[in-house]
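Right, one structure below, let's go through it.
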Amino acid sequence: MENIVIGIVGMSCQNCVKGIAAVLQALPGVERVEVSLAAGQASVTFDAGRLTVAQLRDAIESAGFDVS
């Protein structure tokens, strides 16, 4: 398992946090997700054999947020 921290731009409320967490959790190979509104980031533990960092970033962007 690998862990990555992805900066997220555009979160403004807890609904944003919940939405991003749900999108990431739905991806195959994601084990754990923690999204922080205050820090503007998501910490994701995932199976790099099943999922790429680019796919994680794409999922966040498809939810309407920018990654930094």
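By order in the structure tokens, chains are A, B, ...; within a chain, residues start at 1; ligands start at 1, following the order shown.
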Chain A: which residues are helix (DSSP H, G or I) by DSSP, as a VMD selection string?
-> chain A and resid 14 to 25 53 to 62
Keeping N, CA and C atoms for every residue in the selection just given, could you write it to a file as a JSON list (two decimals), in the first residue's frame?
```json
[["chain", "number", "residue", "atom", "x", "y", "z"],
["A", 14, "GLN", "N", -18.11, 21.19, 4.75],
["A", 14, "GLN", "CA", -18.03, 19.77, 5.07],
["A", 14, "GLN", "C", -18.69, 18.90, 4.00],
["A", 15, "ASN", "N", -19.65, 19.45, 3.26],
["A", 15, "ASN", "CA", -20.24, 18.69, 2.16],
["A", 15, "ASN", "C", -19.20, 18.44, 1.07],
["A", 16, "CYS", "N", -18.32, 19.41, 0.84],
["A", 16, "CYS", "CA", -17.23, 19.21, -0.11],
["A", 16, "CYS", "C", -16.33, 18.06, 0.35],
["A", 17, "VAL", "N", -16.01, 18.07, 1.63],
["A", 17, "VAL", "CA", -15.16, 17.04, 2.22],
["A", 17, "VAL", "C", -15.80, 15.67, 2.03],
["A", 18, "LYS", "N", -17.08, 15.56, 2.35],
["A", 18, "LYS", "CA", -17.79, 14.29, 2.24],
["A", 18, "LYS", "C", -17.85, 13.82, 0.79],
["A", 19, "GLY", "N", -18.08, 14.75, -0.13],
["A", 19, "GLY", "CA", -18.17, 14.40, -1.55],
["A", 19, "GLY", "C", -16.86, 13.86, -2.08],
["A", 20, "ILE", "N", -15.77, 14.53, -1.75],
["A", 20, "ILE", "CA", -14.45, 14.09, -2.20],
["A", 20, "ILE", "C", -14.10, 12.73, -1.59],
["A", 21, "ALA", "N", -14.38, 12.57, -0.31],
["A", 21, "ALA", "CA", -14.10, 11.30, 0.35],
["A", 21, "ALA", "C", -14.89, 10.17, -0.31],
["A", 22, "ALA", "N", -16.14, 10.41, -0.64],
["A", 22, "ALA", "CA", -16.97, 9.38, -1.26],
["A", 22, "ALA", "C", -16.46, 9.00, -2.64],
["A", 23, "VAL", "N", -16.06, 10.00, -3.43],
["A", 23, "VAL", "CA", -15.54, 9.74, -4.77],
["A", 23, "VAL", "C", -14.27, 8.90, -4.70],
["A", 24, "LEU", "N", -13.39, 9.25, -3.77],
["A", 24, "LEU", "CA", -12.13, 8.51, -3.65],
["A", 24, "LEU", "C", -12.36, 7.10, -3.10],
["A", 25, "GLN", "N", -13.22, 6.96, -2.11],
["A", 25, "GLN", "CA", -13.49, 5.65, -1.52],
["A", 25, "GLN", "C", -14.09, 4.69, -2.54],
["A", 53, "VAL", "N", -1.81, 7.43, -9.23],
["A", 53, "VAL", "CA", -2.00, 8.77, -8.67],
["A", 53, "VAL", "C", -2.82, 9.62, -9.64],
["A", 54, "ALA", "N", -2.57, 9.46, -10.92],
["A", 54, "ALA", "CA", -3.32, 10.22, -11.93],
["A", 54, "ALA", "C", -4.82, 9.92, -11.84],
["A", 55, "GLN", "N", -5.17, 8.67, -11.57],
["A", 55, "GLN", "CA", -6.58, 8.32, -11.44],
["A", 55, "GLN", "C", -7.19, 8.95, -10.19],
["A", 56, "LEU", "N", -6.42, 9.04, -9.12],
["A", 56, "LEU", "CA", -6.91, 9.71, -7.91],
["A", 56, "LEU", "C", -7.16, 11.19, -8.21],
["A", 57, "ARG", "N", -6.21, 11.82, -8.86],
["A", 57, "ARG", "CA", -6.35, 13.24, -9.21],
["A", 57, "ARG", "C", -7.53, 13.47, -10.14],
["A", 58, "ASP", "N", -7.69, 12.58, -11.14],
["A", 58, "ASP", "CA", -8.80, 12.70, -12.09],
["A", 58, "ASP", "C", -10.15, 12.59, -11.37],
["A", 59, "ALA", "N", -10.24, 11.69, -10.38],
["A", 59, "ALA", "CA", -11.48, 11.53, -9.63],
["A", 59, "ALA", "C", -11.84, 12.81, -8.88],
["A", 60, "ILE", "N", -10.84, 13.44, -8.28],
["A", 60, "ILE", "CA", -11.09, 14.70, -7.56],
["A", 60, "ILE", "C", -11.53, 15.79, -8.52],
["A", 61, "GLU", "N", -10.85, 15.87, -9.66],
["A", 61, "GLU", "CA", -11.22, 16.89, -10.66],
["A", 61, "GLU", "C", -12.60, 16.63, -11.24],
["A", 62, "SER", "N", -12.95, 15.37, -11.44],
["A", 62, "SER", "CA", -14.29, 15.05, -11.97],
["A", 62, "SER", "C", -15.39, 15.41, -10.98]]
```
Would you list the contacts of Val44 of chain A as number ranges by chain, taking every protein, DNA or RNA residue within 9 Å and counting only C-alpha atoms, but skipping same-chain residues closer than 6 positions in sequence?
-> A: 2-6, 24, 30-35, 56
Write a file of the selected residues as a PDB file, in the first residue's frame, keeping N, CA and C atoms.
```pdb
ATOM      1  N   GLU A   2       0.402   2.234  -0.685  1.00  0.00           N
ATOM      2  CA  GLU A   2       1.093   3.518  -0.725  1.00  0.00           C
ATOM      3  C   GLU A   2       0.191   4.587  -0.123  1.00  0.00           C
ATOM      4  N   ASN A   3       0.819   5.656   0.352  1.00  0.00           N
ATOM      5  CA  ASN A   3       0.077   6.786   0.881  1.00  0.00           C
ATOM      6  C   ASN A   3       0.506   8.032   0.127  1.00  0.00           C
ATOM      7  N   ILE A   4      -0.471   8.865  -0.226  1.00  0.00           N
ATOM      8  CA  ILE A   4      -0.180  10.120  -0.910  1.00  0.00           C
ATOM      9  C   ILE A   4      -1.051  11.206  -0.307  1.00  0.00           C
ATOM     10  N   VAL A   5      -0.508  12.417  -0.290  1.00  0.00           N
ATOM     11  CA  VAL A   5      -1.278  13.583   0.132  1.00  0.00           C
ATOM     12  C   VAL A   5      -1.466  14.449  -1.104  1.00  0.00           C
ATOM     13  N   ILE A   6      -2.717  14.747  -1.411  1.00  0.00           N
ATOM     14  CA  ILE A   6      -3.055  15.543  -2.593  1.00  0.00           C
ATOM     15  C   ILE A   6      -3.686  16.844  -2.140  1.00  0.00           C
ATOM     16  N   LEU A  24     -13.389   9.245  -3.772  1.00  0.00           N
ATOM     17  CA  LEU A  24     -12.129   8.509  -3.650  1.00  0.00           C
ATOM     18  C   LEU A  24     -12.355   7.102  -3.103  1.00  0.00           C
ATOM     19  N   VAL A  30      -8.592   1.684  -3.212  1.00  0.00           N
ATOM     20  CA  VAL A  30      -8.450   2.673  -2.143  1.00  0.00           C
ATOM     21  C   VAL A  30      -8.772   2.005  -0.811  1.00  0.00           C
ATOM     22  N   GLU A  31      -7.835   2.104   0.121  1.00  0.00           N
ATOM     23  CA  GLU A  31      -8.030   1.494   1.437  1.00  0.00           C
ATOM     24  C   GLU A  31      -8.533   2.494   2.472  1.00  0.00           C
ATOM     25  N   ARG A  32      -7.964   3.725   2.442  1.00  0.00           N
ATOM     26  CA  ARG A  32      -8.306   4.716   3.473  1.00  0.00           C
ATOM     27  C   ARG A  32      -8.233   6.113   2.874  1.00  0.00           C
ATOM     28  N   VAL A  33      -9.181   6.960   3.271  1.00  0.00           N
ATOM     29  CA  VAL A  33      -9.210   8.353   2.812  1.00  0.00           C
ATOM     30  C   VAL A  33      -9.475   9.252   4.006  1.00  0.00           C
ATOM     31  N   GLU A  34      -8.683  10.304   4.133  1.00  0.00           N
ATOM     32  CA  GLU A  34      -8.939  11.361   5.115  1.00  0.00           C
ATOM     33  C   GLU A  34      -8.844  12.688   4.380  1.00  0.00           C
ATOM     34  N   VAL A  35      -9.924  13.439   4.390  1.00  0.00           N
ATOM     35  CA  VAL A  35      -9.961  14.739   3.716  1.00  0.00           C
ATOM     36  C   VAL A  35     -10.050  15.818   4.780  1.00  0.00           C
ATOM     37  N   LEU A  56      -6.424   9.038  -9.115  1.00  0.00           N
ATOM     38  CA  LEU A  56      -6.911   9.714  -7.913  1.00  0.00           C
ATOM     39  C   LEU A  56      -7.164  11.189  -8.206  1.00  0.00           C
TER      40      LEU A  56
END
```
Pick out the closest residue to Leu27 of chain A from this set: A:Met1, A:Ser12, A:Ala39, A:Leu51. Count only C-alpha atoms.
-> A:Leu51
Suppose you want the space between atom CA of Asp47 of chain A and atom CA of Ala26 of chain A; what is it in Å?
->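 Straight-line distance from atom CA of Asp47 of chain A to atom CA of Ala26 of chain A works out to 13.3 Å.
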How would you write, as a PyMOL selection string, the set of residues in chain A that DSSP gives as strand (DSSP E)?
-> chain A and resi 2-9+30-36+41-46+66-67
Expressed in Å to a single decimal, how great is the separation between atom CA of Met11 of chain A and atom CA of Gly49 of chain A?
->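 If I compute the distance from atom CA of Met11 of chain A to atom CA of Gly49 of chain A, I get 29.0 Å.
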Which residue out of A:Ser68, A:Ala63, A:Cys13, A:Ile8 has the minimum interatomic distance to Gln41 of chain A when only C-alpha atoms are used?
-> A:Ile8
